[in-house]
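A.B. asks: Sharing input_36.txt below, compact mmCIF, C-alpha atoms and all ligand atoms:
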# COMPACT_ATOMS: atom_id res chain seq x y z
CA MET H 1 49.24 -27.20 300.09
CA PHE H 2 49.46 -28.67 296.63
CA PHE H 3 49.53 -32.40 296.02
CA THR H 4 47.82 -35.22 294.15
CA GLU H 5 45.57 -37.96 295.43
CA ASP H 6 48.50 -40.34 295.01
CA PHE H 7 50.21 -38.59 297.90
CA ILE H 8 47.26 -39.18 300.25
CA ASN H 9 47.10 -42.73 298.96
CA TYR H 10 50.80 -43.14 299.73
CA THR H 11 50.48 -41.58 303.16
CA TRP H 12 47.68 -44.01 304.00
CA LYS H 13 49.46 -47.05 302.54
CA PHE H 14 52.56 -46.50 304.66
CA ARG H 15 50.67 -44.86 307.54
CA LEU H 16 52.91 -41.79 307.37
CA PHE H 17 50.52 -39.59 309.32
CA ASP H 18 50.19 -38.74 312.98
CA ARG H 19 48.38 -41.78 314.39
CA ASP H 20 47.90 -40.49 317.92
CA ASN H 21 44.31 -40.47 319.05
CA LEU H 22 42.84 -41.22 315.60
CA LEU H 23 39.17 -40.27 315.37
CA THR H 24 36.55 -40.18 312.66
CA THR H 25 35.11 -36.78 311.85
CA ASP H 26 32.19 -37.87 314.09
CA GLY H 27 34.54 -38.45 317.01
CA GLU H 28 34.64 -42.26 316.99
CA LYS H 29 37.95 -43.89 317.86
CA ILE H 30 39.85 -45.49 314.95
CA GLU H 31 42.41 -48.28 315.17
CA VAL H 32 44.05 -49.43 311.93
CA PHE H 33 45.14 -53.09 312.00
CA SER H 34 45.78 -53.24 308.27
CA ALA H 35 45.68 -50.42 305.70
CA GLY H 36 44.61 -52.96 303.06
CA LEU H 37 45.96 -53.95 299.69
CA PRO H 38 46.23 -51.34 296.93
CA ASN H 39 43.72 -51.94 294.16
CA ALA H 40 45.04 -51.33 290.65
CA ASP H 41 41.64 -52.00 289.03
CA SER H 42 38.41 -50.05 289.16
CA GLY H 43 36.68 -49.79 292.54
CA PRO H 44 37.85 -48.55 295.94
CA ASP H 45 41.56 -47.78 296.42
CA PHE H 46 42.32 -50.43 299.05
CA HIS H 47 40.86 -53.89 299.61
CA ASN H 48 40.89 -56.07 302.71
CA ALA H 49 41.66 -53.37 305.22
CA ARG H 50 41.03 -54.22 308.89
CA ILE H 51 39.99 -51.31 311.01
CA ARG H 52 38.24 -50.88 314.34
CA ILE H 53 35.86 -47.93 314.41
CA GLY H 54 34.30 -47.37 317.79
CA ASP H 55 33.55 -50.83 319.20
CA THR H 56 33.30 -52.63 315.87
CA THR H 57 36.10 -54.21 313.86
CA TRP H 58 35.50 -54.00 310.12
CA ALA H 59 37.13 -55.78 307.21
CA GLY H 60 36.62 -54.19 303.82
CA ASN H 61 37.45 -51.39 301.42
CA VAL H 62 38.99 -47.96 301.95
CA GLU H 63 38.53 -45.06 299.54
CA ILE H 64 40.98 -42.15 299.35
CA HIS H 65 40.31 -38.58 298.19
CA ILE H 66 41.81 -35.15 298.61
CA ASN H 67 38.40 -33.67 299.52
CA SER H 68 35.45 -35.76 300.62
CA SER H 69 33.33 -34.00 297.98
CA ASP H 70 35.45 -35.82 295.35
CA TRP H 71 33.25 -38.82 296.19
CA HIS H 72 30.41 -37.16 294.27
CA LYS H 73 32.68 -35.72 291.57
CA HIS H 74 33.99 -39.22 290.86
CA LYS H 75 30.39 -40.48 290.69
CA HIS H 76 30.69 -43.07 293.48
CA THR H 77 27.34 -42.18 295.05
CA ASN H 78 25.25 -44.64 293.06
CA ASP H 79 28.05 -47.07 292.26
CA ALA H 80 27.46 -50.38 294.08
CA ALA H 81 31.22 -51.07 294.10
CA TYR H 82 31.58 -48.30 296.72
CA SER H 83 28.57 -49.17 298.87
CA ASN H 84 30.63 -51.22 301.34
CA VAL H 85 33.51 -48.78 301.88
CA ILE H 86 34.34 -48.98 305.58
CA LEU H 87 36.44 -45.82 305.77
CA HIS H 88 36.79 -42.70 303.65
CA VAL H 89 40.29 -41.21 304.09
CA VAL H 90 40.51 -37.57 302.98
CA TYR H 91 42.80 -34.63 303.37
CA ARG H 92 39.87 -32.35 304.06
CA ASP H 93 36.29 -33.25 304.93
CA ASP H 94 34.41 -30.56 303.03
CA ASP H 95 31.24 -32.56 302.39
CA PRO H 96 30.39 -35.54 304.64
CA ILE H 97 29.23 -38.49 302.53
CA VAL H 98 25.87 -40.11 303.12
CA LEU H 99 24.94 -43.04 300.88
CA PRO H 100 21.47 -43.30 299.24
CA ASN H 101 20.54 -45.90 301.92
CA GLY H 102 21.19 -43.29 304.61
CA ARG H 103 24.51 -44.77 305.88
CA LYS H 104 27.04 -42.08 306.64
CA ILE H 105 30.52 -43.23 305.65
CA PRO H 106 33.00 -42.96 308.53
CA THR H 107 35.67 -40.45 307.52
CA LEU H 108 39.25 -39.88 308.62
CA GLU H 109 40.59 -36.40 307.92
CA LEU H 110 44.37 -36.20 307.50
CA HIS H 111 44.58 -32.42 307.49
CA GLN H 112 46.81 -31.45 310.47
CA ARG H 113 48.17 -35.01 310.62
CA ILE H 114 50.78 -34.86 307.81
CA ALA H 115 54.20 -33.65 308.93
CA PRO H 116 55.45 -30.54 307.06
CA GLU H 117 58.83 -32.28 306.34
CA LEU H 118 57.07 -35.18 304.61
CA TYR H 119 55.02 -32.75 302.54
CA HIS H 120 58.11 -30.70 301.71
CA ARG H 121 60.10 -33.74 300.55
CA TYR H 122 57.15 -35.00 298.52
CA HIS H 123 56.70 -31.57 296.94
CA GLN H 124 60.35 -31.46 295.92
CA LEU H 125 60.00 -34.83 294.17
CA ALA H 126 56.64 -34.22 292.54
CA PHE H 127 56.83 -30.54 291.62
CA GLY H 128 60.51 -29.58 291.77
CA ASN H 129 62.27 -28.37 288.67
CA PRO H 130 65.06 -30.93 288.26
CA GLN H 131 67.89 -30.80 285.76
CA PHE H 132 68.08 -34.58 285.57
CA ILE H 133 65.85 -36.45 288.04
CA PRO H 134 63.45 -35.26 290.77
CA CYS H 135 65.52 -36.65 293.66
CA GLU H 136 68.86 -35.30 292.42
CA GLY H 137 69.33 -33.31 295.65
CA SER H 138 68.69 -36.29 297.95
CA ILE H 139 69.71 -39.53 296.23
CA ARG H 140 73.30 -39.32 297.50
CA PHE H 141 71.98 -39.63 301.08
CA VAL H 142 70.17 -42.91 300.42
CA ASP H 143 71.98 -45.89 301.96
CA ASP H 144 73.72 -48.40 299.75
CA LEU H 145 71.51 -51.35 300.73
CA THR H 146 68.33 -49.51 299.71
CA LEU H 147 69.92 -48.42 296.44
CA ARG H 148 71.23 -51.87 295.56
CA ASN H 149 67.96 -53.62 296.43
CA TRP H 150 65.95 -51.20 294.36
CA LEU H 151 68.32 -51.30 291.39
CA THR H 152 68.19 -55.09 291.41
CA ARG H 153 64.42 -54.95 291.37
CA VAL H 154 64.18 -52.53 288.44
CA LEU H 155 66.78 -54.53 286.54
CA ILE H 156 64.64 -57.66 286.93
CA GLU H 157 61.62 -55.65 285.78
CA ARG H 158 63.59 -54.62 282.68
CA LEU H 159 64.58 -58.20 281.88
CA GLU H 160 61.06 -59.46 282.49
CA LYS H 161 59.61 -56.94 280.05
CA ARG H 162 62.15 -57.95 277.44
CA ALA H 163 61.47 -61.60 278.13
CA LEU H 164 57.87 -61.07 277.04
CA VAL H 165 59.11 -60.10 273.57
CA VAL H 166 61.40 -63.13 273.44
CA ASN H 167 58.57 -65.43 274.56
CA ALA H 168 56.29 -64.12 271.82
CA ALA H 169 59.02 -64.78 269.22
CA LEU H 170 59.71 -68.20 270.72
CA GLU H 171 56.05 -69.09 270.35
CA LYS H 172 56.07 -67.99 266.70
CA ASN H 173 59.14 -70.16 266.18
CA LYS H 174 57.34 -73.13 267.74
CA GLY H 175 59.62 -73.26 270.78
CA ASP H 176 62.85 -73.27 268.74
CA TRP H 177 65.40 -71.51 270.97
CA GLU H 178 68.19 -71.66 268.37
CA GLU H 179 66.11 -69.96 265.68
CA THR H 180 64.77 -67.36 268.11
CA PHE H 181 68.22 -66.58 269.44
CA TYR H 182 69.59 -66.30 265.90
CA GLN H 183 66.88 -63.75 265.03
CA PHE H 184 67.56 -61.64 268.13
CA LEU H 185 71.30 -61.82 267.69
CA ALA H 186 70.90 -60.68 264.09
CA ALA H 187 68.76 -57.71 265.16
CA ASN H 188 71.42 -56.79 267.71
CA PHE H 189 74.09 -57.00 265.02
CA GLY H 190 72.29 -54.08 263.38
CA PHE H 191 72.83 -52.15 266.61
CA LYS H 192 70.38 -49.26 266.80
CA THR H 193 70.41 -48.03 263.24
CA ASN H 194 70.05 -51.24 261.26
CA ALA H 195 68.28 -53.47 263.78
CA LEU H 196 65.10 -53.72 261.69
CA PRO H 197 66.63 -54.83 258.36
CA PHE H 198 68.88 -57.28 260.22
CA GLU H 199 65.86 -58.74 261.98
CA LEU H 200 63.88 -58.98 258.72
CA LEU H 201 66.86 -60.58 257.05
CA ALA H 202 67.13 -63.25 259.77
CA LYS H 203 63.40 -63.93 259.58
CA SER H 204 63.66 -64.36 255.82
CA LEU H 205 66.61 -66.72 256.04
CA ALA H 206 66.22 -69.58 258.50
CA GLN H 207 69.22 -70.52 260.58
CA LEU H 208 68.74 -74.11 259.39
CA THR H 209 69.25 -73.01 255.77
CA LEU H 210 72.54 -71.37 256.73
CA ALA H 211 73.58 -74.43 258.75
CA LYS H 212 73.36 -76.56 255.60
CA HIS H 213 76.10 -74.41 254.02
CA LYS H 214 78.21 -73.92 257.10
CA ASN H 215 81.28 -75.44 255.45
CA ASN H 216 81.15 -73.11 252.50
CA PRO H 217 81.81 -69.51 253.64
CA LEU H 218 81.14 -68.07 250.17
CA GLN H 219 77.66 -69.58 250.15
CA ILE H 220 76.94 -68.26 253.65
CA GLU H 221 78.06 -64.78 252.54
CA ALA H 222 76.02 -65.10 249.33
CA LEU H 223 72.90 -66.07 251.28
CA ILE H 224 73.31 -63.22 253.75
CA PHE H 225 74.15 -60.45 251.28
CA GLY H 226 71.62 -61.78 248.78
CA GLN H 227 68.77 -61.91 251.29
CA ALA H 228 69.82 -58.44 252.45
CA GLY H 229 68.87 -57.28 248.94
CA LEU H 230 72.40 -56.04 248.27
CA LEU H 231 73.26 -58.30 245.31
CA ASN H 232 70.57 -57.14 242.96
CA GLU H 233 72.80 -55.08 240.65
CA GLU H 234 75.72 -55.32 238.22
CA PHE H 235 79.18 -55.44 239.85
CA LYS H 236 82.64 -54.86 238.49
CA ASP H 237 84.59 -56.60 241.28
CA GLU H 238 85.00 -60.36 241.14
CA TYR H 239 83.95 -61.00 244.78
CA PRO H 240 80.42 -59.53 244.56
CA GLN H 241 80.03 -61.13 241.12
CA LYS H 242 80.75 -64.53 242.68
CA LEU H 243 78.38 -63.81 245.57
CA LYS H 244 75.65 -62.88 243.14
CA ALA H 245 76.09 -66.03 241.05
CA GLU H 246 75.98 -68.21 244.20
CA TYR H 247 72.99 -66.36 245.54
CA LEU H 248 70.94 -66.68 242.33
CA PHE H 249 71.48 -70.44 242.46
CA LEU H 250 70.61 -70.72 246.19
CA GLN H 251 67.70 -68.32 245.91
CA LYS H 252 66.09 -70.57 243.34
CA LYS H 253 66.91 -73.70 245.30
CA PHE H 254 65.29 -72.46 248.53
CA GLY H 255 62.66 -70.15 246.98
CA LEU H 256 64.06 -67.13 248.86
CA GLN H 257 62.66 -63.62 248.73
CA PRO H 258 65.20 -60.89 249.65
CA ILE H 259 64.33 -57.90 251.82
CA GLU H 260 64.27 -54.37 250.37
CA LYS H 261 67.72 -52.85 249.86
CA HIS H 262 66.52 -49.35 250.82
CA LEU H 263 65.94 -50.48 254.44
CA TRP H 264 69.68 -50.41 255.10
CA LYS H 265 71.00 -47.12 256.48
CA PHE H 266 74.50 -45.91 255.64
CA MET H 267 73.95 -42.20 256.34
CA ARG H 268 75.70 -40.51 259.27
CA MET H 269 77.55 -43.72 260.15
CA ARG H 270 81.22 -44.35 260.54
CA PRO H 271 82.23 -46.61 257.64
CA THR H 272 83.35 -49.36 260.07
CA ASN H 273 79.71 -49.58 261.18
CA PHE H 274 78.27 -49.74 257.66
CA PRO H 275 75.73 -52.54 257.32
CA THR H 276 77.92 -54.17 254.66
CA ILE H 277 80.67 -54.59 257.28
CA ARG H 278 78.20 -55.79 259.93
CA LEU H 279 76.76 -58.31 257.45
CA ALA H 280 80.27 -59.57 256.64
CA GLN H 281 80.97 -59.95 260.39
CA PHE H 282 77.63 -61.71 260.89
CA ALA H 283 78.41 -64.11 258.04
CA ALA H 284 81.82 -64.82 259.59
CA LEU H 285 80.17 -65.52 262.96
CA ILE H 286 77.72 -67.97 261.38
CA VAL H 287 80.63 -69.76 259.68
CA LYS H 288 82.63 -69.87 262.92
CA SER H 289 79.89 -70.88 265.35
CA ASN H 290 76.75 -72.73 264.65
CA HIS H 291 74.12 -73.48 267.28
CA LEU H 292 75.11 -70.43 269.27
CA PHE H 293 72.26 -70.79 271.70
CA SER H 294 73.55 -74.16 272.91
CA LYS H 295 76.93 -72.52 273.43
CA ILE H 296 75.62 -69.76 275.67
CA ILE H 297 73.88 -72.37 277.79
CA GLU H 298 77.15 -74.30 278.15
CA ILE H 299 79.81 -71.57 278.38
CA LYS H 300 80.09 -69.89 281.77
CA ASP H 301 83.28 -67.92 281.35
CA VAL H 302 82.87 -64.38 280.02
CA ALA H 303 86.24 -64.51 278.23
CA GLN H 304 85.12 -67.64 276.39
CA LEU H 305 81.83 -65.99 275.47
CA ARG H 306 83.71 -62.99 274.11
CA GLY H 307 85.90 -65.47 272.23
CA LEU H 308 82.89 -66.49 270.13
CA PHE H 309 83.11 -63.08 268.46
CA ASP H 310 86.87 -62.73 268.45
CA GLN H 311 88.98 -63.31 265.37
CA LEU H 312 86.12 -63.78 262.97
CA HIS H 313 87.41 -64.67 259.51
CA ILE H 314 85.82 -61.89 257.54
CA HIS H 315 86.34 -62.21 253.80
CA PRO H 316 89.61 -60.39 252.83
CA TYR H 317 87.65 -58.32 250.27
CA TRP H 318 86.38 -56.21 253.20
CA GLU H 319 89.88 -55.32 254.35
CA ASN H 320 89.98 -52.60 251.71
CA HIS H 321 86.26 -52.08 251.04
CA TYR H 322 83.32 -50.67 252.94
CA ARG H 323 80.93 -51.15 250.03
CA PHE H 324 80.95 -53.33 246.93
CA ASP H 325 83.08 -51.96 244.07
CA VAL H 326 84.46 -49.02 246.12
CA GLU H 327 88.05 -49.50 247.21
CA SER H 328 89.30 -47.89 250.42
CA LYS H 329 92.42 -47.78 252.59
CA PRO H 330 93.18 -51.19 254.16
CA LEU H 331 91.84 -51.55 257.72
CA SER H 332 90.94 -54.51 259.91
CA LYS H 333 87.17 -54.98 260.16
CA SER H 334 87.06 -57.16 263.29
CA LEU H 335 84.36 -56.52 265.85
CA GLY H 336 85.60 -54.16 268.57
CA GLN H 337 85.49 -55.04 272.27
CA THR H 338 82.68 -52.55 272.96
CA SER H 339 80.54 -54.01 270.17
CA ILE H 340 81.17 -57.54 271.45
CA ASP H 341 80.11 -56.54 274.97
CA ILE H 342 76.95 -54.87 273.65
CA LEU H 343 76.08 -58.08 271.80
CA LEU H 344 76.66 -60.13 274.96
CA LEU H 345 74.56 -57.70 276.95
CA ASN H 346 71.61 -57.53 274.59
CA SER H 347 71.54 -61.12 273.42
CA PHE H 348 73.32 -63.49 275.78
CA VAL H 349 72.25 -61.95 279.09
CA LEU H 350 68.65 -61.70 277.90
CA PHE H 351 68.46 -65.26 276.61
CA LEU H 352 70.03 -66.78 279.72
CA PHE H 353 67.42 -64.92 281.75
CA CYS H 354 64.55 -65.97 279.46
CA TYR H 355 65.67 -69.56 279.39
CA GLY H 356 65.86 -69.64 283.18
CA LYS H 357 62.41 -68.05 283.51
CA HIS H 358 60.87 -70.26 280.87
CA ASN H 359 62.17 -73.44 282.47
CA GLN H 360 61.91 -72.14 286.03
CA GLN H 361 65.61 -72.69 286.55
CA GLU H 362 67.02 -70.08 288.89
CA TYR H 363 70.51 -71.19 287.91
CA PHE H 364 70.28 -69.55 284.47
CA ILE H 365 68.68 -66.40 285.86
CA ASN H 366 71.58 -66.06 288.28
CA ARG H 367 74.07 -66.67 285.50
CA SER H 368 72.52 -63.92 283.43
CA LEU H 369 72.81 -61.49 286.38
CA LYS H 370 76.39 -62.59 287.04
CA LEU H 371 77.26 -62.03 283.40
CA LEU H 372 75.89 -58.49 283.71
CA GLU H 373 78.16 -57.96 286.69
CA LYS H 374 81.16 -58.98 284.61
CA LEU H 375 80.42 -56.71 281.67
CA PRO H 376 81.51 -53.08 281.80
CA ALA H 377 78.98 -50.31 282.33
CA GLU H 378 77.71 -48.62 279.20
CA ASP H 379 78.82 -45.11 278.51
CA ASN H 380 75.89 -42.76 277.94
CA HIS H 381 74.50 -39.51 279.32
CA ILE H 382 72.16 -41.28 281.78
CA VAL H 383 75.05 -43.16 283.34
CA THR H 384 77.20 -40.01 283.41
CA ASN H 385 74.45 -38.05 285.13
CA PHE H 386 73.86 -40.68 287.82
CA ASP H 387 77.60 -40.89 288.32
CA SER H 388 77.74 -37.14 288.91
CA LEU H 389 75.05 -37.56 291.60
CA GLY H 390 77.36 -39.92 293.49
CA ILE H 391 75.86 -43.22 292.31
CA LYS H 392 78.55 -45.82 291.73
CA VAL H 393 78.26 -47.26 288.23
CA SER H 394 80.80 -50.05 287.83
CA THR H 395 79.21 -52.72 285.67
CA ALA H 396 76.50 -53.32 283.08
CA PHE H 397 74.32 -54.50 285.97
CA ASP H 398 74.39 -50.93 287.34
CA SER H 399 74.05 -49.15 284.02
CA GLN H 400 71.15 -51.33 282.84
CA ALA H 401 69.32 -50.84 286.13
CA LEU H 402 69.86 -47.08 286.03
CA LEU H 403 68.58 -46.88 282.44
CA GLU H 404 65.41 -48.63 283.52
CA LEU H 405 65.09 -46.45 286.62
CA LYS H 406 65.47 -43.24 284.65
CA ASN H 407 63.23 -44.20 281.73
CA CYS H 408 60.46 -45.98 283.61
CA TYR H 409 60.38 -44.19 286.97
CA CYS H 410 62.25 -40.88 287.16
CA SER H 411 61.07 -39.54 283.80
CA HIS H 412 57.45 -40.26 284.78
CA LYS H 413 57.93 -38.90 288.30
CA LYS H 414 56.94 -42.26 289.76
CA CYS H 415 58.81 -41.42 292.97
CA LEU H 416 55.98 -42.68 295.19
CA GLN H 417 56.34 -46.12 293.59
CA CYS H 418 60.14 -46.08 293.80
CA GLY H 419 62.13 -47.71 296.61
CA ILE H 420 64.59 -44.81 296.58
CA GLY H 421 61.72 -42.30 296.71
CA ASN H 422 60.20 -44.20 299.64
CA LYS H 423 63.45 -43.98 301.51
CA ILE H 424 63.85 -40.25 300.80
CA LEU H 425 60.31 -39.50 301.98
CA LYS H 426 60.81 -41.41 305.21
CA MET H 427 64.27 -39.99 305.98
CA ALA H 428 64.52 -38.49 309.45
S1 LIG R 501 61.83 -42.28 290.64
FE1 LIG R 501 63.14 -42.78 292.39
S2 LIG R 501 65.22 -42.49 291.68
FE2 LIG R 501 63.87 -41.51 290.22
S3 LIG R 501 63.75 -39.41 290.86
FE3 LIG R 501 62.06 -40.43 291.83
S4 LIG R 501 62.84 -41.08 293.80
FE4 LIG R 501 64.59 -40.57 292.57
Take the structure in this file and express it as structure tokens.

C.D. replies:
Amino acid sequence: MFFTEDFINYTWKFRLFDRDNLLTTDGEKIEVFSAGLPNADSGPDFHNARIRIGDTTWAGNVEIHINSSDWHKHKHTNDAAYSNVILHVVYRDDDPIVLPNGRKIPTLELHQRIAPELYHRYHQLAFGNPQFIPCEGSIRFVDDLTLRNWLTRVLIERLEKRALVVNAALEKNKGDWEETFYQFLAANFGFKTNALPFELLAKSLAQLTLAKHKNNPLQIEALIFGQAGLLNEEFKDEYPQKLKAEYLFLQKKFGLQPIEKHLWKFMRMRPTNFPTIRLAQFAALIVKSNHLFSKIIEIKDVAQLRGLFDQLHIHPYWENHYRFDVESKPLSKSLGQTSIDILLLNSFVLFLFCYGKHNQQEYFINRSLKLLEKLPAEDNHIVTNFDSLGIKVSTAFDSQALLELKNCYCSHKKCLQCGIGNKILKMA
């Protein structure tokens, strides 16, 4: 048999071994009242187990190994943390353990007590050669309730991890939700390729500064393109010339330092996604809607939320330009529906969740999950692969949960820690 200690650990935790007539290797009767709590820190594997051995009921620690001789290999012999282990659970007892004080540690040997089907299913998950995920042959047999419960849990894990990043930014911004939201929204406007320069731009240009010029779209555009480092050259077109003149004035007034122009990536992008176009859309959004964070707290309807990004008044110059001074065929540069939904997903859902967590208001957490259920599923190879395994992927709730599942569990073969894996291993 080939397995890791985690498997024995798992078998003990869920008591998935033959429990009839349990005896120590010395023939004393064992009764397990509680397997104990897994210990993620150093020290024995389980704390607070309650076990009767012979006539005595013990409360204490349990240590797990594949072979009992691993006790010495792992240098537990003279480690005081292991001196009060009440039971040593091993697959094979190849070297009975006696402590320096002469106490022999009671040992339970699981060899002959693990069902071949359990081992087989575990082996498939841990050592199979999957094309996509280790349980690809079994996941379709897992019941819907188990799937849904587990996907909800991993989705919350995903949002909680992201919330840590938001909280750190919120702290830097002295608790200012509007400013923090503006910075995250800006980074998301850069989508994957230009997220960093967008984020740096937002951090270099406070939302409050923009708010002061809200009624003057040219000044908003000048501030944004200027701080993006894209106005630091000679132009032939009138529009960028005007932007530059405005920016030089405002730069001096507010003591602004632009970011480096070279951070923006244009290569291998469709022109409609060029950062110049995204910056123009971002400027139009700032002109249209100030205090966006307050709006997401107020607006419940997904159509209204989408409406915040609809019909942005992008400067007409961009209708026939993708870059300054380079004319192109006329084309509308509005944000597409998919882009709007990605912005809602990455900014609005996250901030509703964070706000709810931060203020311990379940209402906002639920709204963020409901919003996910109203947004369409993303289209990527992970979603397509799960779909081909029979997993229904209808909304962004499903696709976000599956992304987390794949990246944080399946890819690391964490099937023993996965609710779906648990179900598969216990299937009759
Ligand atoms: S982590 Fe869970 S979903 Fe992923 S392969 Fe393992 S059992 Fe399947």

A.B. asks: When you count only C-alpha atoms and all ligand atoms, which of these residues is closest to ligand LIG 501 (chain R): H:Leu125, H:Val302, H:Leu23, H:Ala187?

C.D. replies: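 Looking at the shortest contact to ligand LIG 501 (chain R), the residue is H:Leu125.
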
A.B. asks: Identify, on the basis of all atoms listed in the file, every residue whose closest approach to Asp45 of chain H does not exceed 9 Å; exclude the query and any residue fewer than 3 positions from it along the same chain; express the result as a list in words.

C.D. replies: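 The neighbour list is Asn9, Gly36, Leu37, Pro38, Asn39, Ala40, Asp41, Ser42, Asn61, Val62, Glu63 and Ile64 of chain H.
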
A.B. asks: Select, from H:Arg92, H:His47, H:Lys426, H:Lys300, the residue with the minimum atom-to-atom distance to Phe364 of chain H, counting all atoms listed in the file.

C.D. replies: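 Of all the options, H:Lys300 lies closest to Phe364 of chain H.
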
A.B. asks: Report the distance between atom CA of Tyr322 of chain H and atom CA of Asn232 of chain H in Å, rounded to one decimal place.

C.D. replies: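 Taking atom CA of Tyr322 of chain H and atom CA of Asn232 of chain H, their separation equals 17.4 Å.
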
A.B. asks: Would you kindly return, as number ranges by chain, each protein, DNA or RNA residue with an atom no farther than 9 Å from any atom of segment 217-230 of chain H, considering all atoms listed in the file and excluding same-chain residues fewer than 3 positions away?

C.D. replies: H: 197-198, 200-202, 204-205, 210-211, 213-214, 233, 240, 242-248, 250-251, 256-262, 264, 276, 279-280, 282-284, 286-287, 315

A.B. asks: What does the structure give for the distance between atom CA of Ile277 of chain H and atom CA of Leu231 of chain H, in Å to one decimal?

C.D. replies: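 Computed distance, atom CA of Ile277 of chain H to atom CA of Leu231 of chain H, equals 14.6 Å.
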
A.B. asks: Calculate how many Å separate atom CA of Leu375 of chain H from atom CA of Asp341 of chain H, rounding to one decimal.

C.D. replies: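 Atom-to-atom, atom CA of Leu375 of chain H and atom CA of Asp341 of chain H are spaced 6.7 Å apart.
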
A.B. asks: Could you check which of H:Lys13, H:Arg103, H:Lys406, H:His111 is closest to Thr25 of chain H, using all atoms listed in the file?

C.D. replies: H:His111
